[in-house]
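**Student:** Here you go, data17.txt (compact mmCIF, C-alpha atoms and all ligand atoms):
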```txt
# COMPACT_ATOMS: atom_id res chain seq x y z
CA MET A 12 -95.17 -223.79 -72.15
CA LYS A 13 -96.62 -221.31 -74.66
CA ILE A 14 -95.75 -217.64 -74.29
CA GLY A 15 -97.30 -214.75 -76.24
CA ILE A 16 -95.53 -211.38 -76.20
CA VAL A 17 -97.13 -208.12 -77.33
CA GLY A 18 -94.44 -205.69 -78.49
CA GLY A 19 -90.98 -206.21 -79.93
CA GLY A 20 -89.16 -203.48 -78.00
CA PRO A 21 -86.19 -204.13 -75.70
CA ALA A 22 -88.38 -205.58 -72.89
CA GLY A 23 -90.32 -208.13 -74.95
CA LEU A 24 -87.41 -209.18 -77.15
CA PHE A 25 -84.91 -209.63 -74.33
CA TYR A 26 -87.35 -211.74 -72.30
CA ALA A 27 -88.16 -213.85 -75.38
CA TYR A 28 -84.48 -214.35 -76.07
CA LEU A 29 -83.52 -215.33 -72.51
CA MET A 30 -86.38 -217.83 -72.26
CA LYS A 31 -85.82 -219.52 -75.61
CA ARG A 32 -82.06 -219.65 -75.08
CA ALA A 33 -82.67 -221.47 -71.79
CA ASP A 34 -85.27 -223.91 -73.15
CA ALA A 35 -85.63 -224.50 -76.89
CA ARG A 36 -88.91 -226.42 -76.35
CA LEU A 37 -90.81 -223.27 -75.35
CA GLU A 38 -93.24 -221.90 -77.95
CA ILE A 39 -92.73 -218.14 -77.99
CA ARG A 40 -94.56 -215.75 -80.31
CA VAL A 41 -93.69 -212.04 -80.42
CA VAL A 42 -96.15 -209.72 -82.18
CA GLU A 43 -94.77 -206.32 -83.21
CA ARG A 44 -96.98 -203.69 -84.86
CA ASP A 45 -94.16 -201.93 -86.76
CA PRO A 46 -92.33 -203.38 -89.75
CA GLU A 47 -88.80 -204.65 -89.17
CA GLY A 48 -86.24 -201.86 -89.40
CA ALA A 49 -88.67 -199.12 -88.35
CA THR A 50 -87.92 -197.26 -85.16
CA TYR A 51 -88.72 -193.90 -83.68
CA GLY A 52 -85.99 -191.71 -82.28
CA TRP A 53 -82.25 -191.85 -82.60
CA GLY A 54 -79.77 -193.09 -80.03
CA VAL A 55 -80.20 -194.45 -76.52
CA VAL A 56 -77.85 -194.08 -73.61
CA PHE A 57 -77.08 -196.52 -70.80
CA SER A 58 -75.14 -195.90 -67.65
CA ASP A 59 -72.23 -198.27 -67.01
CA VAL A 60 -74.21 -200.06 -64.30
CA ALA A 61 -77.07 -200.64 -66.71
CA LEU A 62 -74.97 -202.47 -69.24
CA ALA A 63 -73.29 -204.64 -66.60
CA PHE A 64 -76.62 -206.45 -66.15
CA VAL A 65 -76.72 -207.39 -69.81
CA ARG A 66 -73.06 -208.43 -69.79
CA ASP A 67 -73.61 -210.79 -66.86
CA MET A 68 -76.82 -212.30 -68.19
CA ALA A 69 -76.09 -212.49 -71.92
CA PRO A 70 -72.45 -211.80 -72.83
CA GLU A 71 -73.14 -212.68 -76.49
CA LEU A 72 -75.81 -209.95 -76.71
CA TYR A 73 -73.56 -207.54 -74.83
CA ALA A 74 -70.82 -208.18 -77.43
CA SER A 75 -73.11 -207.30 -80.33
CA MET A 76 -74.63 -204.33 -78.51
CA THR A 77 -71.25 -202.86 -77.73
CA ALA A 78 -69.64 -203.60 -81.12
CA ARG A 79 -70.74 -200.23 -82.53
CA GLN A 80 -71.35 -198.25 -79.39
CA GLU A 81 -69.67 -195.09 -78.19
CA VAL A 82 -68.39 -194.82 -74.61
CA HIS A 83 -67.42 -191.59 -72.90
CA ASP A 84 -66.63 -191.02 -69.29
CA ALA A 85 -67.61 -187.40 -68.78
CA MET A 86 -70.51 -185.09 -69.43
CA GLU A 87 -70.91 -181.34 -69.66
CA VAL A 88 -73.50 -178.89 -68.40
CA VAL A 89 -73.67 -175.78 -70.55
CA HIS A 90 -75.23 -172.76 -68.83
CA ARG A 91 -74.80 -169.17 -70.08
CA GLY A 92 -72.54 -170.61 -72.77
CA VAL A 93 -70.00 -171.89 -70.19
CA HIS A 94 -69.15 -175.61 -70.43
CA VAL A 95 -68.70 -177.25 -67.02
CA ARG A 96 -67.30 -180.77 -67.15
CA LEU A 97 -68.60 -183.46 -64.80
CA ALA A 98 -66.05 -186.26 -64.63
CA HIS A 99 -66.62 -190.02 -64.27
CA ASN A 100 -70.11 -190.17 -65.69
CA VAL A 101 -69.69 -193.22 -67.91
CA PHE A 102 -72.35 -193.58 -70.58
CA HIS A 103 -72.64 -196.16 -73.34
CA ARG A 104 -74.54 -194.90 -76.35
CA MET A 105 -75.92 -196.70 -79.35
CA ALA A 106 -78.50 -196.30 -82.06
CA ARG A 107 -81.87 -197.65 -80.91
CA ILE A 108 -82.12 -199.37 -84.28
CA ASP A 109 -78.80 -201.19 -83.68
CA LEU A 110 -80.00 -202.33 -80.25
CA LEU A 111 -83.20 -203.72 -81.77
CA GLY A 112 -81.21 -205.25 -84.66
CA ALA A 113 -78.94 -207.08 -82.18
CA LEU A 114 -81.97 -208.37 -80.28
CA HIS A 115 -83.67 -209.52 -83.51
CA ALA A 116 -80.55 -211.41 -84.60
CA HIS A 117 -80.16 -213.21 -81.26
CA CYS A 118 -83.88 -214.02 -81.06
CA ARG A 119 -83.75 -215.53 -84.56
CA ARG A 120 -80.64 -217.53 -83.75
CA VAL A 121 -82.41 -219.32 -80.88
CA GLY A 122 -85.69 -219.70 -82.82
CA VAL A 123 -88.02 -216.99 -81.46
CA ALA A 124 -90.74 -216.15 -84.02
CA ILE A 125 -91.19 -212.39 -84.40
CA GLU A 126 -94.27 -211.35 -86.38
CA PHE A 127 -93.66 -207.82 -87.66
CA GLY A 128 -96.32 -205.45 -88.94
CA GLN A 129 -99.00 -207.05 -86.79
CA ARG A 130 -100.92 -205.24 -84.10
CA ALA A 131 -102.32 -207.19 -81.14
CA ASN A 132 -105.53 -205.65 -79.88
CA ASP A 133 -106.18 -208.01 -77.00
CA ILE A 134 -104.89 -211.05 -75.20
CA ASP A 135 -107.35 -213.48 -76.80
CA GLU A 136 -105.23 -213.23 -79.96
CA PHE A 137 -102.79 -215.53 -78.15
CA GLY A 138 -105.37 -218.32 -77.85
CA ASP A 139 -104.28 -220.91 -75.31
CA ALA A 140 -100.98 -219.28 -74.32
CA ASP A 141 -99.97 -220.08 -70.73
CA LEU A 142 -98.46 -216.63 -70.28
CA VAL A 143 -99.10 -213.33 -72.10
CA VAL A 144 -96.51 -210.59 -71.68
CA ALA A 145 -97.73 -207.06 -72.45
CA ALA A 146 -94.48 -205.33 -73.43
CA ASP A 147 -96.25 -202.85 -75.69
CA GLY A 148 -94.72 -199.62 -74.44
CA ALA A 149 -95.80 -196.60 -72.41
CA ASN A 150 -99.19 -196.34 -74.15
CA SER A 151 -99.85 -200.08 -73.78
CA THR A 152 -103.05 -201.21 -75.52
CA ILE A 153 -103.36 -204.26 -73.26
CA ARG A 154 -102.97 -202.21 -70.06
CA THR A 155 -105.47 -199.63 -71.28
CA ARG A 156 -108.02 -202.25 -72.30
CA HIS A 157 -107.78 -203.96 -68.90
CA ALA A 158 -107.19 -200.86 -66.80
CA SER A 159 -109.52 -202.04 -64.05
CA ARG A 160 -107.29 -205.11 -63.57
CA PHE A 161 -103.91 -203.36 -63.50
CA GLY A 162 -104.89 -200.06 -61.88
CA PRO A 163 -102.58 -197.80 -63.92
CA GLU A 164 -101.68 -194.32 -62.67
CA LEU A 165 -100.68 -192.01 -65.49
CA ASP A 166 -98.96 -188.79 -64.53
CA VAL A 167 -98.53 -186.58 -67.60
CA ARG A 168 -95.66 -184.20 -66.81
CA PRO A 169 -95.94 -180.55 -67.86
CA ASN A 170 -92.78 -180.14 -69.95
CA TRP A 171 -92.72 -180.67 -73.71
CA PHE A 172 -90.15 -182.71 -75.64
CA ALA A 173 -89.10 -183.28 -79.24
CA TRP A 174 -86.64 -186.08 -79.97
CA TYR A 175 -84.40 -184.85 -82.83
CA GLY A 176 -81.12 -186.06 -84.26
CA THR A 177 -78.23 -184.05 -85.68
CA THR A 178 -75.00 -184.55 -87.59
CA ARG A 179 -73.16 -182.30 -85.12
CA LEU A 180 -71.20 -184.72 -82.92
CA PHE A 181 -71.65 -183.85 -79.27
CA ASP A 182 -68.80 -185.24 -77.19
CA PRO A 183 -69.13 -185.50 -74.30
CA LEU A 184 -72.82 -185.99 -73.54
CA SER A 185 -74.08 -182.45 -72.97
CA LEU A 186 -76.98 -180.74 -71.26
CA ILE A 187 -77.38 -177.34 -72.84
CA PHE A 188 -79.54 -174.62 -71.26
CA ARG A 189 -80.45 -171.70 -73.52
CA GLU A 190 -82.55 -168.75 -72.35
CA THR A 191 -84.49 -166.97 -75.10
CA ASP A 192 -87.11 -164.22 -75.22
CA ASP A 193 -89.75 -166.98 -75.23
CA GLY A 194 -88.24 -168.80 -72.24
CA LEU A 195 -85.84 -171.61 -71.41
CA PHE A 196 -84.92 -174.44 -73.79
CA ILE A 197 -82.88 -177.47 -72.78
CA ALA A 198 -81.07 -179.88 -75.10
CA HIS A 199 -80.06 -183.35 -73.91
CA THR A 200 -77.52 -184.32 -76.53
CA TYR A 201 -74.87 -186.95 -77.14
CA ARG A 202 -73.08 -188.61 -80.01
CA TYR A 203 -74.23 -192.19 -80.44
CA SER A 204 -72.50 -193.14 -83.71
CA ARG A 205 -69.69 -191.91 -85.96
CA THR A 206 -72.13 -189.70 -87.81
CA HIS A 207 -75.01 -188.71 -85.54
CA SER A 208 -76.05 -187.38 -82.16
CA THR A 209 -79.37 -187.56 -80.36
CA PHE A 210 -80.69 -184.05 -79.70
CA LEU A 211 -83.68 -184.12 -77.35
CA VAL A 212 -85.21 -180.66 -76.86
CA GLU A 213 -87.22 -179.86 -73.71
CA CYS A 214 -89.15 -176.75 -72.67
CA ASP A 215 -91.72 -175.79 -70.04
CA PRO A 216 -95.41 -175.18 -70.95
CA ARG A 217 -95.11 -171.38 -70.81
CA THR A 218 -92.16 -171.36 -73.21
CA PHE A 219 -93.94 -173.85 -75.45
CA GLU A 220 -96.95 -171.54 -75.62
CA ARG A 221 -94.97 -168.32 -76.15
CA ALA A 222 -92.90 -169.90 -78.92
CA GLY A 223 -96.13 -171.04 -80.61
CA LEU A 224 -94.76 -174.56 -80.94
CA ALA A 225 -98.19 -176.20 -80.78
CA ARG A 226 -99.19 -174.34 -83.93
CA ARG A 227 -95.97 -174.78 -85.88
CA ALA A 228 -95.63 -177.47 -88.56
CA GLU A 229 -92.84 -180.01 -88.04
CA GLY A 230 -90.34 -178.23 -90.33
CA ASP A 231 -91.06 -174.90 -88.68
CA SER A 232 -90.46 -176.37 -85.20
CA VAL A 233 -87.16 -177.78 -86.40
CA ALA A 234 -86.14 -174.38 -87.79
CA TYR A 235 -87.13 -172.66 -84.55
CA CYS A 236 -85.02 -175.07 -82.44
CA GLU A 237 -82.11 -174.69 -84.85
CA ARG A 238 -82.20 -170.94 -84.15
CA VAL A 239 -82.36 -171.47 -80.37
CA PHE A 240 -79.32 -173.76 -80.41
CA ALA A 241 -77.47 -172.11 -83.33
CA ASP A 242 -74.27 -171.56 -81.27
CA ASP A 243 -74.24 -175.22 -80.25
CA LEU A 244 -75.16 -176.75 -83.61
CA GLN A 245 -72.49 -174.74 -85.45
CA GLY A 246 -74.28 -174.89 -88.78
CA HIS A 247 -75.41 -178.54 -88.54
CA PRO A 248 -79.12 -179.25 -89.10
CA LEU A 249 -81.58 -180.82 -86.68
CA LEU A 250 -83.15 -183.94 -88.15
CA SER A 251 -86.68 -185.14 -87.56
CA ASN A 252 -87.88 -188.75 -87.41
CA ARG A 253 -91.57 -188.55 -86.55
CA SER A 254 -90.26 -186.04 -83.97
CA SER A 255 -93.48 -184.35 -82.94
CA TRP A 256 -93.74 -182.58 -79.58
CA PHE A 257 -94.95 -184.77 -76.72
CA ARG A 258 -95.30 -184.70 -72.96
CA TYR A 259 -93.81 -187.50 -70.94
CA THR A 260 -96.10 -189.76 -68.92
CA ILE A 261 -94.85 -191.34 -65.73
CA VAL A 262 -96.58 -194.73 -65.67
CA LYS A 263 -97.16 -196.77 -62.51
CA ASN A 264 -99.43 -199.77 -61.97
CA ARG A 265 -101.03 -200.85 -58.72
CA ARG A 266 -101.03 -204.48 -59.91
CA TRP A 267 -98.34 -205.84 -62.19
CA SER A 268 -100.24 -208.89 -63.40
CA TRP A 269 -103.73 -210.29 -63.76
CA GLY A 270 -104.39 -213.99 -64.26
CA HIS A 271 -101.83 -215.13 -66.85
CA VAL A 272 -101.08 -211.60 -68.16
CA VAL A 273 -98.12 -209.52 -66.97
CA LEU A 274 -96.91 -206.03 -67.84
CA LEU A 275 -93.24 -205.50 -68.72
CA GLY A 276 -90.99 -202.51 -69.52
CA ASP A 277 -92.56 -199.13 -70.24
CA ALA A 278 -96.05 -200.69 -70.16
CA LEU A 279 -95.39 -201.51 -66.51
CA ARG A 280 -93.53 -198.39 -65.43
CA THR A 281 -91.65 -195.59 -67.12
CA GLY A 282 -88.52 -193.76 -66.05
CA HIS A 283 -87.73 -190.41 -67.62
CA PRO A 284 -85.47 -189.44 -70.55
CA SER A 285 -83.59 -187.05 -68.27
CA ILE A 286 -81.94 -189.98 -66.50
CA GLY A 287 -81.79 -192.17 -69.62
CA SER A 288 -82.98 -195.23 -67.75
CA GLY A 289 -86.01 -196.50 -69.69
CA THR A 290 -84.22 -199.17 -71.67
CA ARG A 291 -82.26 -200.24 -68.62
CA LEU A 292 -85.44 -200.63 -66.56
CA ALA A 293 -87.10 -202.54 -69.38
CA MET A 294 -84.21 -204.98 -69.78
CA GLN A 295 -83.90 -205.47 -66.01
CA ASP A 296 -87.61 -206.37 -65.99
CA SER A 297 -86.88 -209.00 -68.64
CA ILE A 298 -84.12 -210.48 -66.50
CA ALA A 299 -86.33 -210.53 -63.39
CA LEU A 300 -89.23 -212.19 -65.22
CA PHE A 301 -86.82 -214.70 -66.75
CA GLU A 302 -85.36 -215.56 -63.35
CA ALA A 303 -88.83 -215.96 -61.83
CA SER A 304 -89.85 -218.13 -64.80
CA ARG A 305 -86.86 -220.42 -64.28
CA ALA A 306 -87.35 -220.63 -60.53
CA HIS A 307 -91.03 -221.61 -60.79
CA ASP A 308 -90.97 -223.65 -63.96
CA GLY A 309 -94.44 -223.62 -65.56
CA ASP A 310 -96.31 -222.37 -62.46
CA VAL A 311 -97.55 -219.07 -63.86
CA ALA A 312 -99.14 -217.77 -60.65
CA ALA A 313 -95.89 -218.40 -58.73
CA ILE A 314 -93.80 -216.86 -61.53
CA LEU A 315 -95.82 -213.64 -61.55
CA ALA A 316 -95.90 -213.36 -57.75
CA ALA A 317 -92.13 -213.85 -57.54
CA PHE A 318 -91.53 -211.37 -60.37
CA GLU A 319 -93.41 -208.58 -58.61
CA ARG A 320 -92.02 -209.39 -55.16
CA ASP A 321 -88.38 -209.40 -56.32
CA ARG A 322 -88.51 -206.64 -58.89
CA ARG A 323 -90.78 -204.00 -57.33
CA PRO A 324 -88.33 -202.51 -54.78
CA GLY A 325 -85.54 -201.83 -57.31
CA SER A 326 -88.00 -200.62 -59.90
CA ASP A 327 -89.74 -198.25 -57.48
CA ALA A 328 -86.41 -196.83 -56.26
CA LEU A 329 -85.22 -196.05 -59.78
CA GLN A 330 -88.54 -194.56 -60.74
CA ALA A 331 -88.50 -192.36 -57.64
CA ALA A 332 -85.06 -191.08 -58.68
CA ALA A 333 -86.42 -190.44 -62.18
CA ILE A 334 -89.30 -188.41 -60.76
CA ARG A 335 -86.94 -186.30 -58.62
CA SER A 336 -84.84 -185.67 -61.71
CA THR A 337 -87.95 -184.72 -63.71
CA GLU A 338 -88.96 -182.24 -61.03
CA TRP A 339 -85.53 -180.60 -61.12
CA TYR A 340 -86.01 -179.79 -64.82
CA GLU A 341 -89.57 -178.62 -64.26
CA ASN A 342 -88.63 -176.17 -61.50
CA LEU A 343 -85.49 -174.55 -62.80
CA GLY A 344 -86.70 -170.92 -62.55
CA PRO A 345 -84.63 -169.53 -59.62
CA LYS A 346 -81.71 -171.87 -60.29
CA LEU A 347 -81.02 -170.13 -63.59
CA ALA A 348 -79.58 -167.25 -61.57
CA LEU A 349 -76.79 -169.55 -60.36
CA ASP A 350 -73.31 -169.23 -61.84
CA PRO A 351 -72.41 -172.08 -64.26
CA VAL A 352 -70.38 -174.10 -61.68
CA SER A 353 -73.06 -173.92 -58.96
CA PHE A 354 -75.70 -174.74 -61.56
CA ALA A 355 -73.81 -177.83 -62.76
CA TYR A 356 -73.24 -178.90 -59.15
CA ASP A 357 -76.93 -178.52 -58.41
CA TYR A 358 -77.67 -180.75 -61.40
CA LEU A 359 -75.29 -183.41 -60.08
CA VAL A 360 -76.91 -183.62 -56.64
CA ARG A 361 -80.47 -183.16 -57.93
CA ASN A 362 -81.90 -186.54 -57.05
CA GLY A 363 -80.59 -186.56 -53.49
CA ARG A 364 -78.47 -189.66 -54.03
CA VAL A 365 -75.08 -187.89 -54.32
CA SER A 366 -73.54 -186.18 -51.27
CA HIS A 367 -70.86 -183.49 -51.29
CA ALA A 368 -68.35 -186.07 -49.97
CA GLN A 369 -69.15 -188.24 -53.01
CA VAL A 370 -68.73 -185.31 -55.38
CA ARG A 371 -65.31 -184.70 -53.81
CA GLU A 372 -64.33 -188.29 -54.34
CA ARG A 373 -65.76 -188.65 -57.83
CA ASP A 374 -64.95 -185.25 -59.25
CA PRO A 375 -62.39 -183.37 -57.11
CA GLU A 376 -62.04 -180.60 -59.71
CA LEU A 377 -65.74 -179.75 -59.62
CA ALA A 378 -65.85 -180.03 -55.81
CA ALA A 379 -62.89 -177.63 -55.51
CA ALA A 380 -64.46 -175.14 -57.94
CA TYR A 381 -67.72 -175.32 -55.99
CA GLU A 382 -65.96 -174.87 -52.63
CA ARG A 383 -64.18 -171.77 -53.95
CA LEU A 384 -67.61 -170.25 -54.58
CA HIS A 385 -69.16 -171.72 -51.40
CA PRO A 386 -66.42 -171.76 -48.72
CA GLU A 387 -68.90 -173.07 -46.14
CA MET A 388 -68.75 -176.43 -47.97
CA ARG A 389 -65.05 -176.90 -47.15
CA ALA A 390 -64.42 -179.72 -44.68
C1 LIG B 1 -87.75 -188.98 -75.93
C2 LIG B 1 -87.31 -190.25 -75.33
C3 LIG B 1 -85.95 -190.45 -75.11
C4 LIG B 1 -85.51 -191.62 -74.55
N1 LIG B 1 -84.18 -191.78 -74.34
C5 LIG B 1 -83.75 -192.90 -73.78
C6 LIG B 1 -82.38 -193.12 -73.53
O1 LIG B 1 -81.54 -192.28 -73.86
N2 LIG B 1 -81.98 -194.25 -72.92
C7 LIG B 1 -82.89 -195.18 -72.54
O2 LIG B 1 -82.50 -196.19 -71.98
N3 LIG B 1 -84.19 -195.03 -72.79
C8 LIG B 1 -84.64 -193.92 -73.38
N4 LIG B 1 -85.96 -193.75 -73.60
C9 LIG B 1 -86.90 -194.73 -73.13
C10 LIG B 1 -86.89 -195.98 -73.97
O3 LIG B 1 -87.13 -195.68 -75.32
C11 LIG B 1 -87.96 -196.92 -73.41
O4 LIG B 1 -87.98 -196.83 -72.02
C12 LIG B 1 -87.66 -198.35 -73.81
O5 LIG B 1 -87.63 -198.47 -75.19
C13 LIG B 1 -88.70 -199.28 -73.18
O6 LIG B 1 -88.70 -200.52 -73.80
P1 LIG B 1 -90.06 -201.33 -73.99
O7 LIG B 1 -89.69 -202.56 -74.73
O8 LIG B 1 -90.75 -201.47 -72.70
O9 LIG B 1 -91.00 -200.40 -74.85
P2 LIG B 1 -90.84 -199.83 -76.36
O10 LIG B 1 -89.41 -199.65 -76.70
O11 LIG B 1 -91.74 -198.68 -76.43
O12 LIG B 1 -91.39 -201.04 -77.22
C14 LIG B 1 -92.76 -201.37 -77.30
C15 LIG B 1 -93.01 -202.03 -78.64
O13 LIG B 1 -94.35 -202.48 -78.71
C16 LIG B 1 -94.88 -202.22 -79.98
N5 LIG B 1 -96.34 -202.15 -79.83
C17 LIG B 1 -97.06 -201.21 -79.17
N6 LIG B 1 -98.36 -201.53 -79.18
C18 LIG B 1 -98.47 -202.71 -79.85
C19 LIG B 1 -99.57 -203.55 -80.17
N7 LIG B 1 -100.82 -203.26 -79.81
N8 LIG B 1 -99.31 -204.68 -80.87
C20 LIG B 1 -98.06 -204.99 -81.25
N9 LIG B 1 -96.98 -204.23 -80.96
C21 LIG B 1 -97.18 -203.11 -80.28
C22 LIG B 1 -94.22 -200.91 -80.39
O14 LIG B 1 -94.20 -200.74 -81.78
C23 LIG B 1 -92.81 -201.07 -79.81
O15 LIG B 1 -91.92 -201.66 -80.73
C24 LIG B 1 -86.44 -192.62 -74.19
C25 LIG B 1 -87.80 -192.44 -74.44
C26 LIG B 1 -88.24 -191.26 -75.00
C27 LIG B 1 -89.71 -191.09 -75.28
```
Could you render the structure as structure tokens?

**Tutor:**
Amino acid sequence: MKIGIVGGGPAGLFYAYLMKRADARLEIRVVERDPEGATYGWGVVFSDVALAFVRDMAPELYASMTARQEVHDAMEVVHRGVHVRLAHNVFHRMARIDLLGALHAHCRRVGVAIEFGQRANDIDEFGDADLVVAADGANSTIRTRHASRFGPELDVRPNWFAWYGTTRLFDPLSLIFRETDDGLFIAHTYRYSRTHSTFLVECDPRTFERAGLARRAEGDSVAYCERVFADDLQGHPLLSNRSSWFRYTIVKNRRWSWGHVVLLGDALRTGHPSIGSGTRLAMQDSIALFEASRAHDGDVAAILAAFERDRRPGSDALQAAAIRSTEWYENLGPKLALDPVSFAYDYLVRNGRVSHAQVRERDPELAAAYERLHPEMRA
């Protein structure tokens, strides 16, 4: 079987690796437009559950992914300068470049050919491949070119983001809310290595406009955000890596495949940075496509039908949670009047999947603090 893969991100590389590891006779070609070693952004974060999938499926990859990772079991919500700790939120963090490096090394070990610095513009570049996997990210060229086949729905959310790094080490993972004369700014920040933290800045369209961020040059935007978060950064700089402002697009597709072409990872469906699930979703897609490929050896139509049937429910559920989380950030207005404990509690229950009983079990300290302020919540 010949497989062509567009895009050497986590989705494409993990699928390539799993397939070639299982059957060395497969011819697998991965085409990646960027040179090796280039990556946008800084660190990525996985929930504990997310990494368990990788551990079960590929313990050798899990070992190299976790060799340099940081694990912390709590997070903090910072509102009005008060730090409220949320216990038992286990996150694994690592540099995106280390994750890709680990995937490259394992792909090479089993004989997957990765062609860097080469852009695929269409599927015919894969000649007589039996299966073409479009794992080319949220702005997928293949999906766009064949939009009538896949039926994509692109929902561009209103808030603006800039993905910075910093040398200030944020432990634990922190969500920082800062109100300024221009409006509200939010930082999603966490240490992902011994030397650096990711520092993702978010603001609503009105704040973006008032702060003049659309008109500011990159260095000027960085300086502006450094002033907003001066108390948090404690003199450390914000660092830019092609960190221009962008709005996040929630991607859905009515059809996941067409003929012998299938979408995978962000090309198929995005999560949202606020729940840090994009890489998890992408790698779970790879596992599901791998399992369907093994179950229906060589029968591409059956593989793609099984992939969508088995994967869609879990994928849709996580995306729905991501959308609820997105909406929480987009509609914070009246919630900013809440005291820091109630605000942090509201964050915790934002996607409707955590009940008060679960908060009590998971984080008795927070539940008790909340009940002191809201006696009606006492059992
Ligand atoms: C601001 C921000 C913060 C995020 N934070 C997190 C986080 O903390 N945790 C997390 O899990 N996820 C996070 N994500 C999401 C995560 O980066 C993606 O969900 C994940 O990388 C998806 O993997 P993928 O392989 O599907 O796509 P990508 O990682 O986007 O990989 C696609 C690859 O395809 C290549 N490509 C594109 N077009 C072509 C072409 N025509 N030809 C050849 N190659 C091509 C690209 O260069 C890229 O390497 C974040 C995303 C953003 C934007």

**Student:** Step by step, measure atom-to-atom distances between ligand LIG 1 (chain B) and each residue using all atoms listed in the file, keep those at most 8 Å, then write them as a ChimeraX atom specification.

**Tutor:** /A:17-24,42-45,50,52,54-57,104,107,128-133,146-153,172-174,211,259,275-279,281-294

**Student:** List every residue of segment 161-230 of chain A that has an atom at most 12 Å from any atom of segment 357-365 of chain A, and for each one report the closest atom pair and its distance in Å to one decimal, counting only C-alpha atoms, with rows sorted by chain and then by increasing residue number, as CSV.

**Tutor:**
```
residue,atom,partner,partner_atom,distance
A:Leu186,CA,A:Tyr358,CA,9.9
A:Ile187,CA,A:Tyr358,CA,11.9
A:Phe188,CA,A:Tyr358,CA,11.8
```

**Student:** Record the distance separating atom CA of Ile125 of chain A and atom CA of Val41 of chain A, expressed in Å with one decimal.

**Tutor:** 4.7 Å

**Student:** Which residues are near segment 65-78 of chain A? Cut-off 8 Å, all atoms listed in the file, ignore same chain within fewer than 2 positions. Put them as a short mmCIF file (atom, residue, chain, number, x, y, z; two decimals) with C-alpha atoms, in the frame of the given file.

**Tutor:**
```cif
data_model
loop_
_atom_site.label_atom_id
_atom_site.label_comp_id
_atom_site.auth_asym_id
_atom_site.auth_seq_id
_atom_site.Cartn_x
_atom_site.Cartn_y
_atom_site.Cartn_z
CA LEU A 29 -83.52 -215.33 -72.51
CA ALA A 61 -77.07 -200.64 -66.71
CA LEU A 62 -74.97 -202.47 -69.24
CA ALA A 63 -73.29 -204.64 -66.60
CA GLN A 80 -71.35 -198.25 -79.39
CA GLU A 81 -69.67 -195.09 -78.19
CA MET A 105 -75.92 -196.70 -79.35
CA ASP A 109 -78.80 -201.19 -83.68
CA LEU A 110 -80.00 -202.33 -80.25
CA ALA A 113 -78.94 -207.08 -82.18
CA LEU A 114 -81.97 -208.37 -80.28
CA HIS A 117 -80.16 -213.21 -81.26
CA MET A 294 -84.21 -204.98 -69.78
CA ILE A 298 -84.12 -210.48 -66.50
#
```

**Student:** Find the residues near Ala241 of chain A: any atom within 12 Å, counting only C-alpha atoms, skip ones fewer than 4 places away on the same chain, and give them as a PDB file with C-alpha atoms, in the frame of the given file.

**Tutor:**
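Writing the result to part12.pdb gives the following:
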```pdb
ATOM      1  CA  GLY A  92     -72.540-170.610 -72.770  1.00  0.00           C
ATOM      2  CA  ARG A 179     -73.160-182.300 -85.120  1.00  0.00           C
ATOM      3  CA  ILE A 187     -77.380-177.340 -72.840  1.00  0.00           C
ATOM      4  CA  ARG A 189     -80.450-171.700 -73.520  1.00  0.00           C
ATOM      5  CA  THR A 191     -84.490-166.970 -75.100  1.00  0.00           C
ATOM      6  CA  ALA A 198     -81.070-179.880 -75.100  1.00  0.00           C
ATOM      7  CA  VAL A 233     -87.160-177.780 -86.400  1.00  0.00           C
ATOM      8  CA  ALA A 234     -86.140-174.380 -87.790  1.00  0.00           C
ATOM      9  CA  TYR A 235     -87.130-172.660 -84.550  1.00  0.00           C
ATOM     10  CA  CYS A 236     -85.020-175.070 -82.440  1.00  0.00           C
ATOM     11  CA  GLU A 237     -82.110-174.690 -84.850  1.00  0.00           C
ATOM     12  CA  GLN A 245     -72.490-174.740 -85.450  1.00  0.00           C
ATOM     13  CA  GLY A 246     -74.280-174.890 -88.780  1.00  0.00           C
ATOM     14  CA  HIS A 247     -75.410-178.540 -88.540  1.00  0.00           C
ATOM     15  CA  PRO A 248     -79.120-179.250 -89.100  1.00  0.00           C
ATOM     16  CA  LEU A 249     -81.580-180.820 -86.680  1.00  0.00           C
TER      17      LEU A 249
END
```

**Student:** Figure out the distance between atom CA of Pro183 of chain A and atom CA of Phe102 of chain A, please, to one decimal in Å.

**Tutor:**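 Result for atom CA of Phe102 of chain A versus atom CA of Pro183 of chain A: 9.5 Å, one decimal.
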
**Student:** Using all atoms listed in the file for the distances, tell me which of A:Ser304, A:Ala368, A:Lys346, A:Arg119 is nearest to Met388 of chain A.

**Tutor:**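 Among the listed residues, the smallest separation from Met388 of chain A belongs to A:Ala368.
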
**Student:** What is the atom CA of Ser185 of chain A to atom CA of Ala355 of chain A distance in Å?

**Tutor:**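 It comes out at 11.2 Å.
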
**Student:** Have a look at A:Ala145, A:Ala379, A:Leu315, A:Cys118 and name the one nearest to Ile16 of chain A; count all atoms listed in the file.

**Tutor:** A:Ala145
